[in-house]
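S.K.: Input upload-v6.txt, format and content: compact mmCIF, C-alpha atoms.
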```
# COMPACT_ATOMS: atom_id res chain seq x y z
CA MET A 1 0.23 25.09 9.90
CA LYS A 2 1.34 24.67 6.26
CA MET A 3 -0.92 22.81 3.82
CA LYS A 4 1.83 20.28 3.10
CA THR A 5 2.11 19.48 6.82
CA VAL A 6 -1.66 18.98 6.97
CA LEU A 7 -1.49 16.63 3.96
CA VAL A 8 1.33 14.65 5.60
CA ILE A 9 -0.71 14.21 8.79
CA ILE A 10 -3.86 13.21 6.88
CA ASN A 11 -1.98 10.71 4.71
CA CYS A 12 -0.21 9.22 7.74
CA ILE A 13 -3.56 8.66 9.47
CA ILE A 14 -5.31 7.05 6.51
CA LEU A 15 -2.20 4.97 5.73
CA ALA A 16 -2.17 3.71 9.33
CA ILE A 17 -5.84 2.73 9.11
CA GLY A 18 -5.40 0.96 5.77
CA ASN A 19 -2.08 -0.68 6.56
CA CYS A 20 -3.30 -2.15 9.86
CA GLY A 21 -6.97 -2.75 9.06
CA GLY A 22 -6.70 -4.02 5.47
CA PRO A 23 -4.78 -7.27 6.21
CA LEU A 24 -6.98 -7.98 9.24
CA MET A 25 -10.18 -7.61 7.19
CA THR A 26 -8.81 -9.79 4.37
CA ARG A 27 -7.71 -12.48 6.83
CA LEU A 28 -11.15 -12.26 8.51
CA TYR A 29 -12.74 -13.05 5.14
CA PHE A 30 -10.63 -16.20 4.68
CA ARG A 31 -10.84 -17.18 8.34
CA ASN A 32 -14.64 -17.27 8.24
CA GLY A 33 -14.97 -19.46 5.17
CA GLY A 34 -14.15 -17.14 2.26
CA LYS A 35 -12.32 -19.03 -0.46
CA ARG A 36 -12.22 -16.68 -3.45
CA ILE A 37 -8.73 -15.19 -3.87
CA TRP A 38 -9.53 -13.16 -6.98
CA PHE A 39 -12.62 -11.73 -5.28
CA SER A 40 -10.52 -10.77 -2.27
CA SER A 41 -8.04 -9.07 -4.63
CA PHE A 42 -10.94 -7.28 -6.31
CA LEU A 43 -12.10 -5.88 -2.95
CA GLN A 44 -8.75 -4.20 -2.26
CA THR A 45 -9.31 -1.48 -4.89
CA SER A 46 -13.05 -1.62 -5.58
CA GLY A 47 -13.86 0.91 -2.84
CA CYS A 48 -12.17 3.80 -4.72
CA PRO A 49 -15.39 5.65 -5.72
CA ILE A 50 -16.53 5.83 -2.09
CA ILE A 51 -13.26 7.43 -0.93
CA LEU A 52 -12.11 9.46 -3.95
CA LEU A 53 -15.16 10.92 -5.70
CA LEU A 54 -16.17 13.30 -2.90
CA PRO A 55 -12.76 15.08 -2.57
CA LEU A 56 -12.45 15.18 -6.37
CA LEU A 57 -15.91 16.76 -6.64
CA PHE A 58 -14.98 19.31 -3.96
CA SER A 59 -11.77 20.14 -5.83
CA PHE A 60 -13.65 20.57 -9.12
CA LEU A 61 -16.24 22.89 -7.56
CA THR A 62 -13.47 24.96 -5.95
CA ARG A 63 -11.64 25.28 -9.28
CA HIS A 64 -14.89 26.06 -11.07
CA ARG A 65 -15.75 28.86 -8.64
CA LYS A 66 -12.27 30.36 -8.92
CA GLN A 67 -12.07 30.10 -12.72
CA GLU A 68 -15.59 31.43 -13.10
CA GLN A 69 -14.41 34.65 -11.46
CA GLU A 70 -11.50 34.75 -13.90
CA ASP A 71 -13.89 33.99 -16.80
CA THR A 72 -11.95 30.87 -17.88
CA LYS A 73 -13.18 27.38 -18.70
CA THR A 74 -12.94 24.66 -16.00
CA THR A 75 -11.73 21.23 -17.09
CA LEU A 76 -13.41 18.27 -15.44
CA PHE A 77 -10.10 16.42 -14.92
CA LEU A 78 -6.54 17.74 -14.65
CA ILE A 79 -4.84 14.51 -15.71
CA LYS A 80 -3.31 14.51 -19.21
CA PRO A 81 -2.74 11.50 -21.51
CA PRO A 82 0.88 10.70 -20.46
CA LEU A 83 -0.03 10.55 -16.75
CA PHE A 84 -3.26 8.74 -17.58
CA LEU A 85 -1.34 6.01 -19.43
CA ALA A 86 1.20 5.81 -16.59
CA SER A 87 -1.68 5.38 -14.12
CA VAL A 88 -3.09 2.56 -16.26
CA VAL A 89 0.28 0.77 -16.07
CA PHE A 90 0.38 1.30 -12.30
CA GLY A 91 -3.14 -0.10 -12.06
CA LEU A 92 -2.19 -3.30 -13.89
CA LEU A 93 0.84 -3.77 -11.61
CA ILE A 94 -1.22 -3.09 -8.47
CA GLY A 95 -3.96 -5.48 -9.64
CA PHE A 96 -1.43 -8.28 -10.00
CA ASP A 97 0.19 -7.33 -6.69
CA ASN A 98 -3.23 -7.52 -4.99
CA TYR A 99 -3.64 -11.07 -6.26
CA LEU A 100 -0.20 -12.11 -4.99
CA TYR A 101 -0.87 -10.59 -1.57
CA ALA A 102 -4.38 -12.07 -1.25
CA TYR A 103 -3.04 -15.50 -2.25
CA GLY A 104 -0.37 -15.30 0.44
CA LEU A 105 -2.81 -14.10 3.11
CA ALA A 106 -5.14 -17.00 2.32
CA TYR A 107 -2.47 -19.40 3.60
CA LEU A 108 -0.48 -17.34 6.12
CA PRO A 109 -1.33 -15.80 9.50
CA VAL A 110 -1.54 -12.00 9.42
CA SER A 111 1.41 -11.66 11.81
CA THR A 112 3.62 -13.77 9.53
CA SER A 113 2.47 -11.99 6.39
CA SER A 114 3.16 -8.59 7.97
CA LEU A 115 6.69 -9.58 8.96
CA ILE A 116 7.40 -10.76 5.42
CA ILE A 117 6.01 -7.55 3.97
CA SER A 118 8.42 -5.60 6.19
CA SER A 119 11.18 -6.74 3.81
CA GLN A 120 9.51 -4.44 1.26
CA LEU A 121 11.53 -1.53 2.64
CA ALA A 122 14.79 -3.17 1.55
CA PHE A 123 13.52 -3.56 -2.01
CA THR A 124 12.02 -0.05 -2.01
CA ALA A 125 15.38 1.40 -0.97
CA LEU A 126 17.17 -0.61 -3.66
CA PHE A 127 14.78 0.40 -6.45
CA ALA A 128 14.73 4.03 -5.23
CA PHE A 129 18.54 4.12 -5.37
CA PHE A 130 18.60 3.14 -9.05
CA MET A 131 15.38 4.82 -10.24
CA VAL A 132 15.24 8.17 -8.38
CA LYS A 133 18.86 8.39 -7.13
CA GLN A 134 17.86 8.10 -3.48
CA ARG A 135 20.83 8.98 -1.26
CA PHE A 136 21.91 6.25 1.16
CA THR A 137 23.40 6.75 4.61
CA PRO A 138 24.97 4.12 6.89
CA PHE A 139 21.78 4.20 8.97
CA THR A 140 19.64 3.53 5.88
CA ILE A 141 21.83 0.60 4.85
CA ASN A 142 21.70 -0.78 8.40
CA ALA A 143 17.89 -0.53 8.42
CA VAL A 144 17.61 -2.30 5.07
CA VAL A 145 19.87 -5.17 6.21
CA LEU A 146 18.03 -5.61 9.52
CA LEU A 147 14.58 -5.64 7.89
CA THR A 148 15.72 -8.18 5.31
CA LEU A 149 17.17 -10.44 8.02
CA GLY A 150 13.95 -10.04 10.01
CA ALA A 151 11.83 -11.31 7.16
CA GLY A 152 14.31 -14.09 6.34
CA SER A 153 14.30 -15.41 9.92
CA LEU A 154 10.67 -16.49 9.49
CA ALA A 155 11.71 -19.12 6.99
CA LEU A 156 13.68 -20.99 9.67
CA HIS A 157 10.65 -22.63 11.26
CA ALA A 158 7.87 -22.78 8.69
CA ASP A 159 6.14 -25.90 10.04
CA GLY A 160 5.29 -24.32 13.39
CA ASP A 161 3.31 -21.48 11.87
CA LYS A 162 0.91 -23.25 9.50
CA LEU A 163 -2.79 -22.58 9.77
CA PRO A 164 -5.12 -25.48 10.68
CA LYS A 165 -5.69 -27.98 7.81
CA GLU A 166 -2.93 -26.35 5.78
CA THR A 167 -0.23 -28.36 4.00
CA ARG A 168 3.45 -27.49 3.95
CA LYS A 169 3.21 -26.89 0.21
CA GLU A 170 0.42 -24.34 0.66
CA TYR A 171 2.43 -22.56 3.35
CA ILE A 172 5.54 -22.36 1.14
CA VAL A 173 3.53 -21.11 -1.86
CA GLY A 174 1.81 -18.51 0.35
CA PHE A 175 5.19 -17.43 1.71
CA ALA A 176 6.63 -17.08 -1.82
CA MET A 177 3.56 -15.17 -3.06
CA THR A 178 3.83 -12.70 -0.17
CA VAL A 179 7.53 -12.09 -0.86
CA ALA A 180 6.69 -11.52 -4.54
CA ALA A 181 3.96 -9.06 -3.54
CA ALA A 182 6.44 -7.15 -1.37
CA VAL A 183 9.00 -6.94 -4.20
CA LEU A 184 6.44 -5.81 -6.77
CA TYR A 185 4.94 -3.09 -4.57
CA ALA A 186 8.47 -1.96 -3.64
CA PHE A 187 9.07 -1.49 -7.38
CA VAL A 188 5.83 0.46 -7.87
CA LEU A 189 6.54 3.06 -5.15
CA PRO A 190 9.73 4.57 -6.70
CA LEU A 191 8.19 4.14 -10.17
CA VAL A 192 5.37 6.46 -9.08
CA GLU A 193 7.92 8.93 -7.64
CA LEU A 194 9.88 8.84 -10.90
CA THR A 195 6.66 9.56 -12.82
CA TYR A 196 5.98 12.58 -10.60
CA LYS A 197 9.48 13.91 -11.30
CA LYS A 198 9.34 13.32 -15.06
CA ALA A 199 5.77 14.61 -15.53
CA SER A 200 5.33 17.50 -17.97
CA GLN A 201 2.54 19.01 -15.84
CA ARG A 202 2.60 20.32 -12.29
CA ILE A 203 1.73 17.61 -9.76
CA SER A 204 -0.94 18.77 -7.32
CA TYR A 205 -2.75 16.73 -4.69
CA THR A 206 -5.89 16.79 -6.86
CA LEU A 207 -3.88 15.27 -9.69
CA VAL A 208 -2.59 12.60 -7.30
CA LEU A 209 -6.22 11.73 -6.44
CA GLU A 210 -7.11 11.52 -10.13
CA MET A 211 -4.16 9.21 -10.79
CA GLN A 212 -5.23 7.11 -7.81
CA LEU A 213 -8.76 6.85 -9.22
CA VAL A 214 -7.48 5.64 -12.61
CA LEU A 215 -5.06 3.24 -10.89
CA CYS A 216 -7.77 1.70 -8.70
CA VAL A 217 -10.32 1.38 -11.52
CA VAL A 218 -7.77 -0.41 -13.73
CA ALA A 219 -6.62 -2.67 -10.86
CA THR A 220 -10.25 -3.52 -10.05
CA CYS A 221 -10.97 -4.37 -13.71
CA PHE A 222 -7.82 -6.52 -13.83
CA CYS A 223 -8.98 -8.52 -10.80
CA LEU A 224 -12.53 -8.71 -12.18
CA VAL A 225 -11.26 -10.26 -15.40
CA GLY A 226 -9.13 -12.69 -13.39
CA MET A 227 -12.11 -13.54 -11.21
CA LEU A 228 -14.32 -14.25 -14.21
CA ALA A 229 -11.90 -15.92 -16.60
CA ASP A 230 -9.41 -17.87 -14.54
CA GLY A 231 -10.10 -18.23 -10.88
CA ASP A 232 -13.19 -18.05 -8.74
CA PHE A 233 -15.90 -18.57 -11.38
CA LYS A 234 -14.07 -20.30 -14.23
CA ASN A 235 -16.81 -22.89 -14.76
CA GLN A 236 -19.30 -20.18 -15.65
CA GLU A 237 -17.32 -17.53 -17.52
CA PHE A 238 -18.83 -14.05 -17.59
CA ASP A 239 -22.17 -15.24 -16.17
CA PHE A 240 -22.94 -12.43 -13.71
CA LEU A 241 -26.12 -14.09 -12.43
CA PHE A 242 -24.10 -17.16 -11.51
CA ILE A 243 -21.53 -14.96 -9.74
CA VAL A 244 -24.23 -13.30 -7.64
CA GLN A 245 -25.65 -16.70 -6.71
CA GLU A 246 -22.21 -17.98 -5.71
CA LEU A 247 -21.51 -14.93 -3.56
CA ARG A 248 -24.88 -15.32 -1.85
CA ARG A 249 -24.06 -18.95 -1.14
CA GLU A 250 -20.71 -17.92 0.34
CA ALA A 251 -22.42 -15.20 2.40
CA ARG A 252 -24.55 -17.82 4.14
CA GLU A 253 -21.41 -19.52 5.50
CA PHE A 254 -20.68 -16.82 8.09
CA LYS A 255 -22.37 -13.84 9.71
CA TYR A 256 -21.78 -10.21 8.76
CA TYR A 257 -20.50 -11.17 5.30
CA CYS A 258 -21.68 -7.92 3.70
CA VAL A 259 -20.13 -5.86 6.52
CA VAL A 260 -16.77 -7.61 6.12
CA VAL A 261 -16.81 -7.17 2.34
CA ALA A 262 -17.80 -3.48 2.54
CA PHE A 263 -15.25 -2.60 5.22
CA THR A 264 -12.51 -4.51 3.38
CA ALA A 265 -13.14 -2.45 0.24
CA VAL A 266 -13.17 0.88 2.12
CA ILE A 267 -10.27 0.28 4.53
CA TRP A 268 -7.86 -0.90 1.84
CA GLN A 269 -8.35 2.43 0.06
CA GLY A 270 -6.68 4.09 3.04
CA PHE A 271 -3.55 2.06 2.36
CA PHE A 272 -3.31 2.86 -1.35
CA LEU A 273 -4.26 6.53 -1.04
CA GLY A 274 -1.99 7.04 1.97
CA SER A 275 1.05 5.40 0.35
CA ILE A 276 0.68 7.31 -2.93
CA GLY A 277 -0.03 10.52 -0.99
CA MET A 278 3.16 10.15 1.06
CA ILE A 279 5.18 9.83 -2.15
CA PHE A 280 3.70 13.19 -3.21
CA CYS A 281 4.42 14.78 0.19
CA ALA A 282 7.87 13.23 0.75
CA SER A 283 9.34 10.30 -1.22
CA SER A 284 8.83 6.65 -2.08
CA LEU A 285 11.36 5.62 0.58
CA VAL A 286 9.51 7.55 3.31
CA SER A 287 6.27 5.89 2.18
CA GLY A 288 7.96 2.48 2.38
CA VAL A 289 9.36 3.25 5.84
CA LEU A 290 5.92 4.24 7.17
CA ILE A 291 4.37 1.07 5.74
CA SER A 292 7.04 -1.04 7.42
CA ALA A 293 6.90 0.95 10.66
CA LEU A 294 3.19 0.18 11.04
CA LEU A 295 3.61 -3.57 10.52
CA PRO A 296 4.52 -4.40 14.16
CA LEU A 297 1.19 -2.88 15.19
CA THR A 298 -0.56 -5.10 12.63
CA GLU A 299 1.22 -8.14 14.09
CA VAL A 300 0.13 -7.28 17.63
CA LEU A 301 -3.48 -6.74 16.51
CA ALA A 302 -3.45 -10.10 14.69
CA VAL A 303 -2.22 -11.90 17.81
CA LEU A 304 -4.89 -10.16 19.93
CA PHE A 305 -7.88 -10.59 17.62
CA PHE A 306 -7.10 -13.89 15.87
CA ARG A 307 -5.13 -15.57 18.69
CA GLU A 308 -2.29 -16.29 16.29
CA LYS A 309 0.80 -18.04 17.62
CA PHE A 310 3.86 -15.92 18.31
CA GLN A 311 6.91 -18.18 18.22
CA ALA A 312 10.51 -17.25 18.88
CA GLU A 313 11.15 -16.66 15.15
CA LYS A 314 8.45 -13.98 15.09
CA GLY A 315 9.94 -12.40 18.19
CA VAL A 316 13.39 -12.24 16.55
CA SER A 317 11.86 -10.90 13.33
CA LEU A 318 9.90 -8.24 15.21
CA PHE A 319 13.00 -7.20 17.18
CA LEU A 320 15.08 -6.86 13.99
CA SER A 321 12.27 -4.93 12.28
CA LEU A 322 11.95 -2.47 15.17
CA TRP A 323 15.74 -2.10 15.28
CA GLY A 324 15.69 -1.31 11.58
CA PHE A 325 12.95 1.32 12.00
CA VAL A 326 14.81 3.02 14.86
CA SER A 327 18.03 2.99 12.82
CA TYR A 328 16.35 4.62 9.84
CA PHE A 329 14.59 7.35 11.80
CA TYR A 330 17.70 8.10 13.87
CA GLY A 331 19.67 8.48 10.65
CA LYS A 332 16.96 10.74 9.26
CA ILE A 333 17.10 12.98 12.35
CA GLN A 334 20.91 13.17 12.16
CA SER A 335 20.76 14.06 8.45
CA GLU A 336 18.28 16.86 9.15
CA LYS A 337 20.53 18.21 11.94
CA GLU A 338 23.57 18.19 9.62
CA LYS A 339 21.56 19.90 6.89
CA ARG A 340 20.39 22.68 9.24
CA THR A 341 23.95 23.12 10.58
CA GLN A 342 25.35 23.44 7.05
CA GLU A 343 22.63 25.95 6.10
CA ALA A 344 23.36 28.00 9.23
CA GLN A 345 27.12 27.98 8.51
CA LEU A 346 26.52 28.98 4.88
CA SER A 347 24.23 31.81 5.96
CA GLN A 348 26.81 33.02 8.50
CA LEU A 349 29.54 32.88 5.85
CA GLN A 350 27.45 34.96 3.43
CA VAL A 351 26.81 37.58 6.14
CA THR A 352 30.55 37.72 6.97
CA GLU A 353 31.50 38.17 3.29
CA SER A 354 28.92 40.91 2.79
CA VAL A 355 30.25 42.84 5.84
CA ALA A 356 33.83 42.45 4.65
```
Will you turn the file into structure tokens for me?
M.R.:
Amino acid sequence: MKMKTVLVIINCIILAIGNCGGPLMTRLYFRNGGKRIWFSSFLQTSGCPIILLLPLLFSFLTRHRKQEQEDTKTTLFLIKPPLFLASVVFGLLIGFDNYLYAYGLAYLPVSTSSLIISSQLAFTALFAFFMVKQRFTPFTINAVVLLTLGAGSLALHADGDKLPKETRKEYIVGFAMTVAAAVLYAFVLPLVELTYKKASQRISYTLVLEMQLVLCVVATCFCLVGMLADGDFKNQEFDFLFIVQELRREAREFKYYCVVVAFTAVIWQGFFLGSIGMIFCASSLVSGVLISALLPLTEVLAVLFFREKFQAEKGVSLFLSLWGFVSYFYGKIQSEKEKRTQEAQLSQLQVTESVA
């Protein structure tokens, strides 16, 4: 089995865990009395050292052993200033996107939020077309249209899906924030792919991990500043003792607070690492398709675990989303068949010409 195939499988698995588990853990935090949106945003990227440092250390030791035999100096990090600065920009965008998503999930059921996020594929395809010249097929266009209609159908019956004690205004704001989060992340995916293509140094998986580490650290710092200066603790700016006391007070409101917080931080890393890894292994559009393809599973899990309502609008949206996924993958299979057929014909033609 080729190393790239192994990386694709690994990234698909960790993306599935993060994409399905992350929203459920975040909603569990709000469902059990959590009220701090900036803190929830902070958790989405704060688990990066736990996930990334071990593989980066292993990669460094492997390089060090190899270069020691060649009598050359081993650099601690492969990332160079241009990619480092690009990763900082990505981190700021992701930090803001985390806030938008957490705000929406504070006021929307997970099943609704997931269906809205499925519209991300349409925006990813659009941005990929202009930024990385992604080729469109009729099946791709059909998938984009269906997924967009699926997300839009949820707006037809907003009142029937509100959480308990939630106002219509809060629902609409949460809906708008989630759409904004989908658009922003759809922009980031092809932007990362474009950076890979324009980079002056060879992109390896180790370099992808280093970029992910920088991205997550910057996003975490962005959310930390927001948490301290504007949102959750604005009455006591930059008073860390006060913050600890407030978090302890919140922890007393429901059981297993520390477990929920820890698992939220770790599981979300699967989403970010898996999505960025799939861009390295394939493309931003494939990463967006996988994210959207996993959303129906998230919806089903939300209905099972949180007993969320599943009205007709969600059924229509889910049907359109699944139709869109099938359309995209069918088109992908047909494109691969045509490509192999053309390669076989070209090879046969070259053999014929050489004999003649």
S.K.: Can you tell me, as a ChimeraX atom specification, which residues sit within 10 Å of (-2.3, -14.3, 9.4) in the file's frame, using all atoms listed in the file?
M.R.: /A:23-24,26-28,30-31,104-114,161-163,298-299,302-303,306-309
S.K.: Could you please determine the separation between CA of Arg63 in chain A and CA of Gln212 in chain A in Å, to one decimal place?
M.R.: 19.3 Å
S.K.: Find, counting only C-alpha atoms, the residue in A:Thr137, A:Thr167, A:Ser287, A:Gln348 that gets nearest to Ala186 in chain A.
M.R.: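 Of A:Thr137, A:Thr167, A:Ser287, A:Gln348, the one nearest Ala186 in chain A, counting only C-alpha atoms, is A:Ser287.
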S.K.: Do you have the CA of Ile279 in chain A-CA of Leu194 in chain A distance handy?
M.R.: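 Taking CA of Ile279 in chain A as the start and CA of Leu194 in chain A as the end point, the length is 10.0 Å.
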S.K.: I'd like the interatomic distance between CA of Arg249 in chain A and CA of Phe305 in chain A, to a tenth of an Å.
M.R.: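 One can read the CA of Arg249 in chain A to CA of Phe305 in chain A distance as 26.1 Å.
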